[in-house]
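A quick write-up on the structure given underneath.
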Amino acid sequence: MAIAHLNLRLDNVIFDQHRNIRLIGLSRSFCYFNLDQEKFVKAKRVAPTVVYDHLPPECFDDDDFEPCRADVWSFGLLIYEAVTRTNPRKQHQQQQDNKTSRASRT
């Protein structure tokens with residue numbers, strides 16, 4: 001069975017009493033292998049009103065997307081965030097907001 005987490009972020013990574021890493025927050029997980037047809041299926045586009053700053057752009061842009069690839073993107077972002085202690089998307093948004101506020105003052 002193939003399952004994508006679709007909610008990989010630092011908030012959903014914990015350590016158990018033996019310091020093993022555990023993933024929580026499986027409410028958005030998605031089984032992306034159809035056993036009856038014996039093929040991989042794609043997930044439907046995420047609603048644009050929902051804010052998931054850890055999902056790749058194609059989750060919002062395309063009609064459907066590959067859940068496994070979305071988890072790979074999210075895992076890379078999770079590692080980046082763990083090392084730098086910053087979220088690049090939030091950082092980019094703050095820079096854009098600063099540019100907008102400076103432009104409106106002039």
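Chain labels run A, B, ... following the order of the structure tokens; each chain numbers its residues from 1, and ligands are numbered from 1 in the order shown.
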*Residues of chain A in helix (DSSP H, G or I) according to DSSP, as JSON, numbers by chain?*
{"A": [10, 11, 12, 26, 27, 28, 58, 59, 60, 61, 67, 68, 69, 70, 71, 72, 73, 74, 75, 76, 77, 78, 79, 80, 81, 82, 83, 84, 88, 89, 90, 91, 92, 93, 94, 95, 96, 97, 98, 99, 100, 101, 102, 103, 104, 105]}
Go ahead and write the selection's residues with C-alpha atoms as an mmCIF file, in the first residue's frame.
data_model
loop_
_atom_site.group_PDB
_atom_site.id
_atom_site.type_symbol
_atom_site.label_atom_id
_atom_site.label_comp_id
_atom_site.auth_asym_id
_atom_site.auth_seq_id
_atom_site.Cartn_x
_atom_site.Cartn_y
_atom_site.Cartn_z
ATOM 1 C CA LEU A 10 7.934 20.461 11.874
ATOM 2 C CA ASP A 11 4.720 20.594 13.912
ATOM 3 C CA ASN A 12 4.011 16.983 12.930
ATOM 4 C CA LEU A 26 -2.172 11.898 9.473
ATOM 5 C CA SER A 27 -5.627 13.429 8.976
ATOM 6 C CA ARG A 28 -4.673 14.608 5.468
ATOM 7 C CA GLU A 58 1.403 22.130 -8.187
ATOM 8 C CA CYS A 59 -0.920 21.097 -5.356
ATOM 9 C CA PHE A 60 -2.737 24.388 -5.871
ATOM 10 C CA ASP A 61 -2.170 25.009 -9.593
ATOM 11 C CA PRO A 67 1.069 12.852 -3.614
ATOM 12 C CA CYS A 68 4.436 11.103 -3.243
ATOM 13 C CA ARG A 69 6.230 13.975 -4.985
ATOM 14 C CA ALA A 70 4.397 16.457 -2.769
ATOM 15 C CA ASP A 71 5.748 14.633 0.295
ATOM 16 C CA VAL A 72 9.289 14.752 -1.122
ATOM 17 C CA TRP A 73 8.946 18.538 -1.548
ATOM 18 C CA SER A 74 7.549 18.880 1.974
ATOM 19 C CA PHE A 75 10.335 16.749 3.436
ATOM 20 C CA GLY A 76 12.959 18.939 1.775
ATOM 21 C CA LEU A 77 11.251 22.020 3.171
ATOM 22 C CA LEU A 78 11.082 20.367 6.601
ATOM 23 C CA ILE A 79 14.849 19.711 6.556
ATOM 24 C CA TYR A 80 15.537 23.286 5.389
ATOM 25 C CA GLU A 81 13.344 24.654 8.179
ATOM 26 C CA ALA A 82 14.982 22.429 10.802
ATOM 27 C CA VAL A 83 18.475 23.553 9.777
ATOM 28 C CA THR A 84 17.842 27.274 9.190
ATOM 29 C CA PRO A 88 11.411 30.181 3.025
ATOM 30 C CA ARG A 89 7.833 30.823 1.908
ATOM 31 C CA LYS A 90 7.004 32.901 4.968
ATOM 32 C CA GLN A 91 10.324 34.699 4.601
ATOM 33 C CA HIS A 92 9.564 35.448 0.929
ATOM 34 C CA GLN A 93 6.070 36.686 1.803
ATOM 35 C CA GLN A 94 7.489 39.023 4.461
ATOM 36 C CA GLN A 95 9.949 40.442 1.923
ATOM 37 C CA GLN A 96 7.113 41.033 -0.546
ATOM 38 C CA ASP A 97 5.014 42.718 2.155
ATOM 39 C CA ASN A 98 7.950 44.982 3.068
ATOM 40 C CA LYS A 99 8.430 45.992 -0.583
ATOM 41 C CA THR A 100 4.721 46.744 -0.915
ATOM 42 C CA SER A 101 4.608 48.852 2.233
ATOM 43 C CA ARG A 102 7.733 50.806 1.166
ATOM 44 C CA ALA A 103 6.269 51.426 -2.283
ATOM 45 C CA SER A 104 2.984 52.687 -0.827
ATOM 46 C CA ARG A 105 4.827 55.210 1.370
#
*asked:* If we count only C-alpha atoms and set the cut-off at 8 Å, which residues sit around A:Ile14, ignoring sequence neighbours fewer than 5 positions away in its own chain? Please answer as number ranges by chain.
replied: A: 21-24
*In chain A, what's strand (DSSP E) per DSSP? Answer as a PyMOL selection string?*
chain A and resi 3-4+13-15+21-23+30-31+33-34+39-40+43-44+64-65
Resulting file, chosen residues, C-alpha atoms, as a PDB file, in the first residue's frame:
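Below you can see part.pdb, which holds the result:
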ATOM      1  CA  ILE A   3       0.338   6.316   1.521  1.00  0.00           C
ATOM      2  CA  ALA A   4       1.324   9.974   1.272  1.00  0.00           C
ATOM      3  CA  VAL A  13       7.395  15.500  13.871  1.00  0.00           C
ATOM      4  CA  ILE A  14       7.849  14.307  17.448  1.00  0.00           C
ATOM      5  CA  PHE A  15      10.277  12.124  19.387  1.00  0.00           C
ATOM      6  CA  ILE A  21      11.218  10.133  15.255  1.00  0.00           C
ATOM      7  CA  ARG A  22       7.452   9.750  14.890  1.00  0.00           C
ATOM      8  CA  LEU A  23       5.131  11.403  12.389  1.00  0.00           C
ATOM      9  CA  PHE A  30      -3.850   9.875   1.096  1.00  0.00           C
ATOM     10  CA  CYS A  31      -3.636   6.302  -0.184  1.00  0.00           C
ATOM     11  CA  PHE A  33      -2.260   3.178  -4.987  1.00  0.00           C
ATOM     12  CA  ASN A  34      -5.498   1.681  -6.246  1.00  0.00           C
ATOM     13  CA  LYS A  39      -2.045   1.496 -10.515  1.00  0.00           C
ATOM     14  CA  PHE A  40      -1.014   4.741  -8.882  1.00  0.00           C
ATOM     15  CA  ALA A  43      -4.727  13.425  -5.713  1.00  0.00           C
ATOM     16  CA  LYS A  44      -7.084  16.288  -6.498  1.00  0.00           C
ATOM     17  CA  ASP A  64      -4.366  16.845  -9.798  1.00  0.00           C
ATOM     18  CA  PHE A  65      -0.904  16.084  -8.478  1.00  0.00           C
TER      19      PHE A  65
END
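Here atom CA of A:Asn20 and atom CA of A:His5 stand 18.1 Å from one another.
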